[in-house]
>>> print(open('final_0.pdb').read())   # PDB, C-alpha atoms and all ligand atoms
ATOM      1  CA  MET S   1       5.465 -42.177   0.650  1.00  0.00           C
ATOM      2  CA  LYS S   2       4.577 -39.969   3.620  1.00  0.00           C
ATOM      3  CA  LYS S   3       4.344 -36.209   3.115  1.00  0.00           C
ATOM      4  CA  LEU S   4       7.311 -34.452   4.681  1.00  0.00           C
ATOM      5  CA  ILE S   5       6.722 -31.236   6.639  1.00  0.00           C
ATOM      6  CA  VAL S   6       9.890 -29.622   7.953  1.00  0.00           C
ATOM      7  CA  ALA S   7      10.075 -26.711  10.398  1.00  0.00           C
ATOM      8  CA  ASN S   8      13.183 -24.582   9.922  1.00  0.00           C
ATOM      9  CA  LEU S   9      13.166 -22.230  12.910  1.00  0.00           C
ATOM     10  CA  LYS S  10      16.314 -20.472  11.690  1.00  0.00           C
ATOM     11  CA  MET S  11      17.820 -18.248  14.463  1.00  0.00           C
ATOM     12  CA  ASN S  12      14.603 -18.303  16.509  1.00  0.00           C
ATOM     13  CA  PRO S  13      13.232 -18.247  19.166  1.00  0.00           C
ATOM     14  CA  GLN S  14      15.289 -16.431  21.796  1.00  0.00           C
ATOM     15  CA  THR S  15      14.455 -18.625  24.801  1.00  0.00           C
ATOM     16  CA  PHE S  16      14.227 -22.319  25.549  1.00  0.00           C
ATOM     17  CA  THR S  17      10.746 -21.810  27.018  1.00  0.00           C
ATOM     18  CA  GLU S  18       9.446 -20.604  23.671  1.00  0.00           C
ATOM     19  CA  ALA S  19      11.320 -23.273  21.702  1.00  0.00           C
ATOM     20  CA  ASP S  20       9.832 -25.887  24.003  1.00  0.00           C
ATOM     21  CA  ARG S  21       6.328 -24.515  23.465  1.00  0.00           C
ATOM     22  CA  LEU S  22       6.730 -24.697  19.675  1.00  0.00           C
ATOM     23  CA  ALA S  23       8.229 -28.198  19.766  1.00  0.00           C
ATOM     24  CA  ARG S  24       5.475 -29.449  22.053  1.00  0.00           C
ATOM     25  CA  ALA S  25       2.760 -28.127  19.732  1.00  0.00           C
ATOM     26  CA  ALA S  26       4.462 -29.536  16.626  1.00  0.00           C
ATOM     27  CA  SER S  27       5.017 -32.956  18.173  1.00  0.00           C
ATOM     28  CA  SER S  28       1.473 -33.140  19.442  1.00  0.00           C
ATOM     29  CA  ALA S  29       0.147 -32.293  15.947  1.00  0.00           C
ATOM     30  CA  ALA S  30       2.565 -34.853  14.477  1.00  0.00           C
ATOM     31  CA  ARG S  31       1.307 -37.574  16.794  1.00  0.00           C
ATOM     32  CA  LYS S  32      -2.244 -37.140  15.521  1.00  0.00           C
ATOM     33  CA  VAL S  33      -1.420 -37.819  11.866  1.00  0.00           C
ATOM     34  CA  LYS S  34      -0.169 -41.044  10.356  1.00  0.00           C
ATOM     35  CA  ASN S  35       0.766 -40.139   6.819  1.00  0.00           C
ATOM     36  CA  VAL S  36       2.900 -37.060   7.538  1.00  0.00           C
ATOM     37  CA  GLU S  37       6.524 -37.087   8.652  1.00  0.00           C
ATOM     38  CA  VAL S  38       7.165 -33.980  10.745  1.00  0.00           C
ATOM     39  CA  VAL S  39      10.752 -32.824  11.162  1.00  0.00           C
ATOM     40  CA  PHE S  40      11.536 -30.049  13.634  1.00  0.00           C
ATOM     41  CA  CYS S  41      14.820 -28.161  13.149  1.00  0.00           C
ATOM     42  CA  PRO S  42      15.491 -25.751  16.028  1.00  0.00           C
ATOM     43  CA  PRO S  43      18.775 -23.920  16.670  1.00  0.00           C
ATOM     44  CA  PHE S  44      21.559 -26.251  17.891  1.00  0.00           C
ATOM     45  CA  VAL S  45      21.375 -24.936  21.463  1.00  0.00           C
ATOM     46  CA  TRP S  46      17.855 -26.320  21.975  1.00  0.00           C
ATOM     47  CA  LEU S  47      18.173 -29.429  19.851  1.00  0.00           C
ATOM     48  CA  GLU S  48      19.378 -32.020  22.353  1.00  0.00           C
ATOM     49  CA  CYS S  49      16.841 -31.173  25.062  1.00  0.00           C
ATOM     50  CA  LEU S  50      13.940 -31.013  22.632  1.00  0.00           C
ATOM     51  CA  ALA S  51      14.874 -34.240  20.860  1.00  0.00           C
ATOM     52  CA  ALA S  52      15.076 -35.994  24.238  1.00  0.00           C
ATOM     53  CA  GLU S  53      11.722 -34.629  25.301  1.00  0.00           C
ATOM     54  CA  TYR S  54       9.676 -34.982  22.100  1.00  0.00           C
ATOM     55  CA  GLY S  55      11.758 -37.356  19.974  1.00  0.00           C
ATOM     56  CA  LYS S  56       9.191 -40.132  20.161  1.00  0.00           C
ATOM     57  CA  LYS S  57       6.482 -38.039  18.520  1.00  0.00           C
ATOM     58  CA  ALA S  58       8.384 -35.863  16.068  1.00  0.00           C
ATOM     59  CA  ILE S  59      11.663 -36.208  14.250  1.00  0.00           C
ATOM     60  CA  PHE S  60      14.452 -33.708  14.887  1.00  0.00           C
ATOM     61  CA  GLY S  61      17.022 -32.185  12.601  1.00  0.00           C
ATOM     62  CA  GLY S  62      19.889 -29.700  12.565  1.00  0.00           C
ATOM     63  CA  GLN S  63      19.996 -26.577  10.396  1.00  0.00           C
ATOM     64  CA  ASP S  64      23.574 -27.202   9.276  1.00  0.00           C
ATOM     65  CA  ALA S  65      26.581 -29.424   9.986  1.00  0.00           C
ATOM     66  CA  PHE S  66      30.299 -29.198   9.285  1.00  0.00           C
ATOM     67  CA  TRP S  67      32.144 -31.609   6.974  1.00  0.00           C
ATOM     68  CA  GLU S  68      34.670 -32.925   9.486  1.00  0.00           C
ATOM     69  CA  GLU S  69      33.890 -35.342  12.290  1.00  0.00           C
ATOM     70  CA  ARG S  70      36.032 -33.664  14.970  1.00  0.00           C
ATOM     71  CA  GLY S  71      38.918 -31.286  15.511  1.00  0.00           C
ATOM     72  CA  ALA S  72      40.024 -27.675  15.626  1.00  0.00           C
ATOM     73  CA  TYR S  73      37.044 -26.023  13.928  1.00  0.00           C
ATOM     74  CA  THR S  74      35.864 -23.373  16.370  1.00  0.00           C
ATOM     75  CA  GLY S  75      32.138 -22.930  16.463  1.00  0.00           C
ATOM     76  CA  GLU S  76      31.303 -25.830  14.172  1.00  0.00           C
ATOM     77  CA  ILE S  77      29.073 -28.838  14.870  1.00  0.00           C
ATOM     78  CA  SER S  78      29.804 -32.214  13.276  1.00  0.00           C
ATOM     79  CA  PRO S  79      27.213 -34.554  11.758  1.00  0.00           C
ATOM     80  CA  VAL S  80      28.293 -37.258  14.200  1.00  0.00           C
ATOM     81  CA  MET S  81      27.481 -34.946  17.113  1.00  0.00           C
ATOM     82  CA  LEU S  82      24.032 -34.330  15.657  1.00  0.00           C
ATOM     83  CA  LYS S  83      23.470 -38.029  15.197  1.00  0.00           C
ATOM     84  CA  ASN S  84      24.578 -38.687  18.782  1.00  0.00           C
ATOM     85  CA  ILE S  85      22.006 -36.310  20.249  1.00  0.00           C
ATOM     86  CA  GLY S  86      19.119 -37.864  18.369  1.00  0.00           C
ATOM     87  CA  ALA S  87      18.900 -35.783  15.187  1.00  0.00           C
ATOM     88  CA  ARG S  88      17.886 -37.753  12.106  1.00  0.00           C
ATOM     89  CA  TYR S  89      17.942 -35.025   9.482  1.00  0.00           C
ATOM     90  CA  VAL S  90      20.120 -32.059   8.652  1.00  0.00           C
ATOM     91  CA  ILE S  91      19.420 -29.101   6.370  1.00  0.00           C
ATOM     92  CA  ILE S  92      22.404 -28.345   4.129  1.00  0.00           C
ATOM     93  CA  GLY S  93      23.013 -25.464   1.733  1.00  0.00           C
ATOM     94  CA  HIS S  94      20.225 -23.151   2.826  1.00  0.00           C
ATOM     95  CA  SER S  95      20.350 -19.954   0.746  1.00  0.00           C
ATOM     96  CA  GLU S  96      20.767 -17.875   3.915  1.00  0.00           C
ATOM     97  CA  ARG S  97      24.039 -19.700   4.603  1.00  0.00           C
ATOM     98  CA  ARG S  98      25.109 -19.400   0.978  1.00  0.00           C
ATOM     99  CA  ILE S  99      24.383 -15.642   1.050  1.00  0.00           C
ATOM    100  CA  HIS S 100      25.378 -14.515   4.568  1.00  0.00           C
ATOM    101  CA  LEU S 101      28.186 -16.983   5.281  1.00  0.00           C
ATOM    102  CA  GLY S 102      29.592 -17.468   1.826  1.00  0.00           C
ATOM    103  CA  GLU S 103      28.910 -21.194   1.630  1.00  0.00           C
ATOM    104  CA  THR S 104      29.962 -22.467  -1.753  1.00  0.00           C
ATOM    105  CA  ASP S 105      28.721 -25.491  -3.670  1.00  0.00           C
ATOM    106  CA  GLU S 106      32.063 -27.151  -2.915  1.00  0.00           C
ATOM    107  CA  MET S 107      31.553 -26.714   0.847  1.00  0.00           C
ATOM    108  CA  ILE S 108      27.974 -27.911   0.550  1.00  0.00           C
ATOM    109  CA  ASN S 109      29.136 -30.978  -1.355  1.00  0.00           C
ATOM    110  CA  LYS S 110      31.561 -31.881   1.449  1.00  0.00           C
ATOM    111  CA  LYS S 111      28.871 -31.323   4.075  1.00  0.00           C
ATOM    112  CA  ILE S 112      26.387 -33.558   2.267  1.00  0.00           C
ATOM    113  CA  LYS S 113      28.882 -36.418   2.041  1.00  0.00           C
ATOM    114  CA  ALA S 114      29.873 -36.075   5.705  1.00  0.00           C
ATOM    115  CA  ALA S 115      26.254 -35.957   6.875  1.00  0.00           C
ATOM    116  CA  LEU S 116      25.222 -38.991   4.815  1.00  0.00           C
ATOM    117  CA  GLY S 117      28.352 -40.781   6.028  1.00  0.00           C
ATOM    118  CA  ALA S 118      27.287 -40.145   9.620  1.00  0.00           C
ATOM    119  CA  GLY S 119      23.893 -41.697   8.907  1.00  0.00           C
ATOM    120  CA  LEU S 120      21.859 -38.504   8.780  1.00  0.00           C
ATOM    121  CA  LYS S 121      19.251 -37.779   6.139  1.00  0.00           C
ATOM    122  CA  VAL S 122      20.030 -34.613   4.218  1.00  0.00           C
ATOM    123  CA  ILE S 123      17.655 -31.876   3.109  1.00  0.00           C
ATOM    124  CA  LEU S 124      19.582 -30.036   0.408  1.00  0.00           C
ATOM    125  CA  CYS S 125      18.270 -26.560  -0.453  1.00  0.00           C
ATOM    126  CA  VAL S 126      18.542 -25.185  -3.962  1.00  0.00           C
ATOM    127  CA  GLY S 127      16.924 -22.174  -5.592  1.00  0.00           C
ATOM    128  CA  GLU S 128      17.377 -19.128  -7.763  1.00  0.00           C
ATOM    129  CA  THR S 129      17.535 -15.393  -7.033  1.00  0.00           C
ATOM    130  CA  LEU S 130      14.881 -12.987  -8.285  1.00  0.00           C
ATOM    131  CA  LYS S 131      17.252 -11.745 -10.971  1.00  0.00           C
ATOM    132  CA  GLU S 132      17.890 -15.274 -12.222  1.00  0.00           C
ATOM    133  CA  HIS S 133      14.179 -16.008 -12.033  1.00  0.00           C
ATOM    134  CA  ARG S 134      13.293 -12.950 -14.096  1.00  0.00           C
ATOM    135  CA  ALA S 135      15.976 -13.783 -16.630  1.00  0.00           C
ATOM    136  CA  GLY S 136      14.428 -17.231 -17.118  1.00  0.00           C
ATOM    137  CA  ARG S 137      17.568 -18.927 -15.790  1.00  0.00           C
ATOM    138  CA  THR S 138      15.978 -20.993 -13.020  1.00  0.00           C
ATOM    139  CA  LYS S 139      16.543 -24.395 -14.611  1.00  0.00           C
ATOM    140  CA  PHE S 140      20.119 -23.533 -15.480  1.00  0.00           C
ATOM    141  CA  VAL S 141      20.818 -22.415 -11.886  1.00  0.00           C
ATOM    142  CA  LEU S 142      19.177 -25.480 -10.367  1.00  0.00           C
ATOM    143  CA  ALA S 143      21.037 -27.847 -12.668  1.00  0.00           C
ATOM    144  CA  ARG S 144      24.355 -26.182 -11.836  1.00  0.00           C
ATOM    145  CA  GLN S 145      23.730 -26.299  -8.084  1.00  0.00           C
ATOM    146  CA  LEU S 146      22.659 -29.944  -8.217  1.00  0.00           C
ATOM    147  CA  ARG S 147      25.627 -30.978 -10.320  1.00  0.00           C
ATOM    148  CA  LYS S 148      28.118 -29.329  -7.964  1.00  0.00           C
ATOM    149  CA  ASP S 149      26.376 -30.079  -4.658  1.00  0.00           C
ATOM    150  CA  LEU S 150      25.870 -33.745  -5.490  1.00  0.00           C
ATOM    151  CA  LYS S 151      29.238 -34.390  -7.149  1.00  0.00           C
ATOM    152  CA  SER S 152      30.235 -37.988  -6.394  1.00  0.00           C
ATOM    153  CA  VAL S 153      27.497 -38.407  -3.790  1.00  0.00           C
ATOM    154  CA  SER S 154      26.553 -42.068  -3.788  1.00  0.00           C
ATOM    155  CA  LYS S 155      23.631 -42.797  -6.114  1.00  0.00           C
ATOM    156  CA  LEU S 156      22.400 -45.293  -3.580  1.00  0.00           C
ATOM    157  CA  ASN S 157      21.916 -42.553  -0.992  1.00  0.00           C
ATOM    158  CA  ILE S 158      20.089 -40.435  -3.532  1.00  0.00           C
ATOM    159  CA  TYR S 159      17.730 -43.161  -4.705  1.00  0.00           C
ATOM    160  CA  ASN S 160      16.881 -44.563  -1.310  1.00  0.00           C
ATOM    161  CA  SER S 161      15.544 -41.260  -0.017  1.00  0.00           C
ATOM    162  CA  LYS S 162      18.460 -40.433   2.273  1.00  0.00           C
ATOM    163  CA  LEU S 163      18.622 -37.209   0.308  1.00  0.00           C
ATOM    164  CA  VAL S 164      15.640 -34.863   0.103  1.00  0.00           C
ATOM    165  CA  ILE S 165      15.849 -31.812  -2.108  1.00  0.00           C
ATOM    166  CA  ALA S 166      14.062 -28.616  -1.135  1.00  0.00           C
ATOM    167  CA  TYR S 167      13.276 -26.235  -3.959  1.00  0.00           C
ATOM    168  CA  GLU S 168      13.445 -22.829  -2.310  1.00  0.00           C
ATOM    169  CA  PRO S 169      13.323 -19.887  -4.702  1.00  0.00           C
ATOM    170  CA  ILE S 170      15.285 -17.210  -2.825  1.00  0.00           C
ATOM    171  CA  TRP S 171      12.827 -14.479  -3.780  1.00  0.00           C
ATOM    172  CA  ALA S 172       9.990 -16.426  -2.149  1.00  0.00           C
ATOM    173  CA  ILE S 173      11.712 -16.834   1.227  1.00  0.00           C
ATOM    174  CA  GLY S 174      10.238 -14.677   3.971  1.00  0.00           C
ATOM    175  CA  THR S 175       8.567 -12.370   1.469  1.00  0.00           C
ATOM    176  CA  GLY S 176       4.995 -13.660   1.523  1.00  0.00           C
ATOM    177  CA  LEU S 177       5.370 -14.114  -2.246  1.00  0.00           C
ATOM    178  CA  ALA S 178       5.225 -17.865  -2.644  1.00  0.00           C
ATOM    179  CA  GLU S 179       5.869 -19.488  -6.026  1.00  0.00           C
ATOM    180  CA  THR S 180       2.685 -20.811  -7.653  1.00  0.00           C
ATOM    181  CA  PRO S 181       2.048 -24.517  -7.010  1.00  0.00           C
ATOM    182  CA  MET S 182       2.147 -25.110 -10.751  1.00  0.00           C
ATOM    183  CA  SER S 183       5.584 -23.573 -11.303  1.00  0.00           C
ATOM    184  CA  ALA S 184       6.931 -25.102  -8.079  1.00  0.00           C
ATOM    185  CA  GLY S 185       5.656 -28.483  -9.272  1.00  0.00           C
ATOM    186  CA  TYR S 186       7.313 -28.003 -12.624  1.00  0.00           C
ATOM    187  CA  MET S 187      10.657 -27.203 -10.994  1.00  0.00           C
ATOM    188  CA  ALA S 188      10.284 -30.067  -8.519  1.00  0.00           C
ATOM    189  CA  ASP S 189       9.847 -32.394 -11.472  1.00  0.00           C
ATOM    190  CA  PHE S 190      12.930 -30.933 -13.135  1.00  0.00           C
ATOM    191  CA  ILE S 191      14.950 -31.360  -9.921  1.00  0.00           C
ATOM    192  CA  ARG S 192      13.837 -34.974  -9.612  1.00  0.00           C
ATOM    193  CA  ARG S 193      14.844 -35.739 -13.184  1.00  0.00           C
ATOM    194  CA  VAL S 194      18.243 -34.050 -12.903  1.00  0.00           C
ATOM    195  CA  SER S 195      19.187 -35.399  -9.463  1.00  0.00           C
ATOM    196  CA  GLY S 196      17.434 -38.743  -9.292  1.00  0.00           C
ATOM    197  CA  ALA S 197      16.113 -37.796  -5.814  1.00  0.00           C
ATOM    198  CA  ARG S 198      12.857 -39.455  -4.900  1.00  0.00           C
ATOM    199  CA  ARG S 199      11.669 -36.777  -2.515  1.00  0.00           C
ATOM    200  CA  VAL S 200      11.420 -33.140  -3.550  1.00  0.00           C
ATOM    201  CA  ILE S 201       9.765 -30.561  -1.305  1.00  0.00           C
ATOM    202  CA  TYR S 202       8.964 -26.861  -1.685  1.00  0.00           C
ATOM    203  CA  GLY S 203       9.928 -23.948   0.593  1.00  0.00           C
ATOM    204  CA  GLY S 204       9.256 -20.209   0.425  1.00  0.00           C
ATOM    205  CA  SER S 205       6.408 -18.398   2.224  1.00  0.00           C
ATOM    206  CA  VAL S 206       4.513 -21.618   2.915  1.00  0.00           C
ATOM    207  CA  SER S 207       1.476 -21.050   5.145  1.00  0.00           C
ATOM    208  CA  ALA S 208      -1.708 -22.797   6.239  1.00  0.00           C
ATOM    209  CA  LYS S 209      -3.441 -20.888   3.443  1.00  0.00           C
ATOM    210  CA  ASN S 210      -1.298 -22.125   0.546  1.00  0.00           C
ATOM    211  CA  ILE S 211      -0.017 -25.539   1.707  1.00  0.00           C
ATOM    212  CA  LYS S 212      -2.903 -27.442   0.155  1.00  0.00           C
ATOM    213  CA  GLY S 213      -2.087 -26.048  -3.293  1.00  0.00           C
ATOM    214  CA  PHE S 214       1.525 -27.212  -3.083  1.00  0.00           C
ATOM    215  CA  LEU S 215       0.765 -30.648  -1.710  1.00  0.00           C
ATOM    216  CA  SER S 216      -1.932 -31.218  -4.290  1.00  0.00           C
ATOM    217  CA  ARG S 217       0.784 -31.313  -6.941  1.00  0.00           C
ATOM    218  CA  ARG S 218       1.982 -34.861  -7.414  1.00  0.00           C
ATOM    219  CA  GLU S 219       5.555 -33.616  -7.973  1.00  0.00           C
ATOM    220  CA  ILE S 220       5.761 -32.012  -4.507  1.00  0.00           C
ATOM    221  CA  ASP S 221       6.304 -34.353  -1.553  1.00  0.00           C
ATOM    222  CA  GLY S 222       6.220 -31.841   1.266  1.00  0.00           C
ATOM    223  CA  ALA S 223       7.262 -28.420   2.503  1.00  0.00           C
ATOM    224  CA  LEU S 224      10.132 -26.663   4.235  1.00  0.00           C
ATOM    225  CA  VAL S 225       8.495 -24.066   6.454  1.00  0.00           C
ATOM    226  CA  GLY S 226      10.268 -21.026   7.904  1.00  0.00           C
ATOM    227  CA  GLY S 227       8.212 -18.156   9.364  1.00  0.00           C
ATOM    228  CA  ALA S 228       5.000 -20.152   9.762  1.00  0.00           C
ATOM    229  CA  SER S 229       6.808 -22.715  11.941  1.00  0.00           C
ATOM    230  CA  LEU S 230       7.264 -19.997  14.592  1.00  0.00           C
ATOM    231  CA  ASP S 231       3.511 -19.830  15.092  1.00  0.00           C
ATOM    232  CA  ALA S 232       2.433 -22.981  16.939  1.00  0.00           C
ATOM    233  CA  GLY S 233      -1.182 -22.782  15.757  1.00  0.00           C
ATOM    234  CA  GLU S 234      -0.285 -22.110  12.141  1.00  0.00           C
ATOM    235  CA  PHE S 235       2.288 -24.909  11.978  1.00  0.00           C
ATOM    236  CA  SER S 236      -0.121 -27.403  13.561  1.00  0.00           C
ATOM    237  CA  LYS S 237      -2.684 -26.399  10.951  1.00  0.00           C
ATOM    238  CA  ILE S 238      -0.165 -27.030   8.153  1.00  0.00           C
ATOM    239  CA  ILE S 239       0.465 -30.532   9.525  1.00  0.00           C
ATOM    240  CA  LYS S 240      -3.244 -31.209   9.780  1.00  0.00           C
ATOM    241  CA  ILE S 241      -3.930 -30.029   6.225  1.00  0.00           C
ATOM    242  CA  ALA S 242      -0.993 -32.115   4.917  1.00  0.00           C
ATOM    243  CA  ALA S 243      -2.636 -35.204   6.372  1.00  0.00           C
ATOM    244  CA  TYR S 244      -5.753 -34.706   4.264  1.00  0.00           C
ATOM    245  CA  VAL S 245      -4.287 -33.674   0.915  1.00  0.00           C
TER     246      VAL S 245
HETATM  247  P1  LIG V 301       9.726 -18.787   4.930  1.00  0.00           P
HETATM  248  O1  LIG V 301       8.724 -19.912   5.105  1.00  0.00           O
HETATM  249  O2  LIG V 301       9.779 -17.870   6.123  1.00  0.00           O
HETATM  250  O3  LIG V 301       9.540 -18.075   3.639  1.00  0.00           O
HETATM  251  O4  LIG V 301      11.163 -19.464   4.889  1.00  0.00           O
HETATM  252  C1  LIG V 301      11.365 -20.518   4.022  1.00  0.00           C
HETATM  253  C2  LIG V 301      12.679 -21.123   4.329  1.00  0.00           C
HETATM  254  O5  LIG V 301      13.709 -20.526   4.113  1.00  0.00           O
HETATM  255  C3  LIG V 301      12.674 -22.450   4.930  1.00  0.00           C
HETATM  256  O6  LIG V 301      13.946 -23.000   4.946  1.00  0.00           O
END
>>> encode(input="final_0.pdb", output="structure tokens")
Amino acid sequence: MKKLIVANLKMNPQTFTEADRLARAASSAARKVKNVEVVFCPPFVWLECLAAEYGKKAIFGGQDAFWEERGAYTGEISPVMLKNIGARYVIIGHSERRIHLGETDEMINKKIKAALGAGLKVILCVGETLKEHRAGRTKFVLARQLRKDLKSVSKLNIYNSKLVIAYEPIWAIGTGLAETPMSAGYMADFIRRVSGARRVIYGGSVSAKNIKGFLSRREIDGALVGGASLDAGEFSKIIKIAAYV
């Protein structure tokens, strides 16, 4: 299976010009490697233009999607809309949405089903807080999130790689304190066994310096990259390294 490298730009950058520059660099790096699937997830406002421009070289994804297809839901974007503008993936349940927007496992569960139903591939994010980590509760937290988030999600979708799970320890996000490849691998293995997912990736302070360590673990199939995806050179380097691990 190809390594999966996903850029989550979050609420960046501020202009289309800059988003275009980053997408161009990522898609050009993606074109040069055969065994890496590169997914670029910009803010919604840039997504359609970028997917139209670079969609042949890189794959595009949304950072979230609502659970209904249409209707009176001010500000929301439906999975069908994403699909119609050329997105193939969608990130669901990112910890920043759980924390800042109060997304619950029940909401995430509905979003996953709607996105899969619309024909999108889902990247579900799970992970523990620092407090839970220190208390040795990581496995308990992951198991609880997976059980609730994947409640009555079709096993077929899970097994045939329509669902990717990203292990993102919250304390490792944007802190420069990445989990060790060994522990991340151990948790990725746990996630795979609990969920049945075939693809498990790691996210949290991934950089060109540490990507090799993560991808060298057989349990880790790729990376979800935040901050480093905002640096065109750094992200291209990550893609290049992924191709040789
Ligand atoms: P950083 O790579 O900036 O730590 O962010 C990780 C993340 O949240 C990706 O979804």
>>> residues_near_ligand(input="final_0.pdb", ligand="ligand LIG 301 (chain V)", cutoff="10 Å", atoms="all atoms listed in the file", output="CSV table (one decimal) with C-alpha atoms, in the coordinates of the input")
chain,number,residue,atom,x,y,z
S,6,VAL,CA,9.9,-29.6,8.0
S,7,ALA,CA,10.1,-26.7,10.4
S,8,ASN,CA,13.2,-24.6,9.9
S,9,LEU,CA,13.2,-22.2,12.9
S,10,LYS,CA,16.3,-20.5,11.7
S,41,CYS,CA,14.8,-28.2,13.1
S,63,GLN,CA,20.0,-26.6,10.4
S,91,ILE,CA,19.4,-29.1,6.4
S,93,GLY,CA,23.0,-25.5,1.7
S,94,HIS,CA,20.2,-23.2,2.8
S,95,SER,CA,20.4,-20.0,0.7
S,96,GLU,CA,20.8,-17.9,3.9
S,123,ILE,CA,17.7,-31.9,3.1
S,125,CYS,CA,18.3,-26.6,-0.5
S,166,ALA,CA,14.1,-28.6,-1.1
S,167,TYR,CA,13.3,-26.2,-4.0
S,168,GLU,CA,13.4,-22.8,-2.3
S,169,PRO,CA,13.3,-19.9,-4.7
S,170,ILE,CA,15.3,-17.2,-2.8
S,171,TRP,CA,12.8,-14.5,-3.8
S,172,ALA,CA,10.0,-16.4,-2.1
S,173,ILE,CA,11.7,-16.8,1.2
S,174,GLY,CA,10.2,-14.7,4.0
S,175,THR,CA,8.6,-12.4,1.5
S,176,GLY,CA,5.0,-13.7,1.5
S,177,LEU,CA,5.4,-14.1,-2.2
S,178,ALA,CA,5.2,-17.9,-2.6
S,202,TYR,CA,9.0,-26.9,-1.7
S,203,GLY,CA,9.9,-23.9,0.6
S,204,GLY,CA,9.3,-20.2,0.4
S,205,SER,CA,6.4,-18.4,2.2
S,206,VAL,CA,4.5,-21.6,2.9
S,207,SER,CA,1.5,-21.0,5.1
S,223,ALA,CA,7.3,-28.4,2.5
S,224,LEU,CA,10.1,-26.7,4.2
S,225,VAL,CA,8.5,-24.1,6.5
S,226,GLY,CA,10.3,-21.0,7.9
S,227,GLY,CA,8.2,-18.2,9.4
S,228,ALA,CA,5.0,-20.2,9.8
S,229,SER,CA,6.8,-22.7,11.9
S,230,LEU,CA,7.3,-20.0,14.6
>>> closest_residue(input="final_0.pdb", among="S:Asp20, S:Ser28, S:Ser183, S:Lys34", to="Ala243 (chain S)", atoms="all atoms listed in the file")
S:Lys34
>>> resolve_selection(input="final_0.pdb", expression="the PyMOL selection byres (((chain S and resi 19) around 10) and not hetatm)", output="VMD selection string")
chain S and resid 9 12 to 18 20 to 24 42 to 43 46 to 47 50 230
>>> closest_residue(input="final_0.pdb", among="S:Ala242, S:Ala197, S:Ala87, S:Met187", to="Glu128 (chain S)", atoms="all atoms listed in the file")
S:Met187
>>> closest_residue(input="final_0.pdb", among="S:Lys2, S:Lys121, S:Lys162, S:Arg192", to="Leu146 (chain S)", atoms="all atoms listed in the file")
S:Arg192
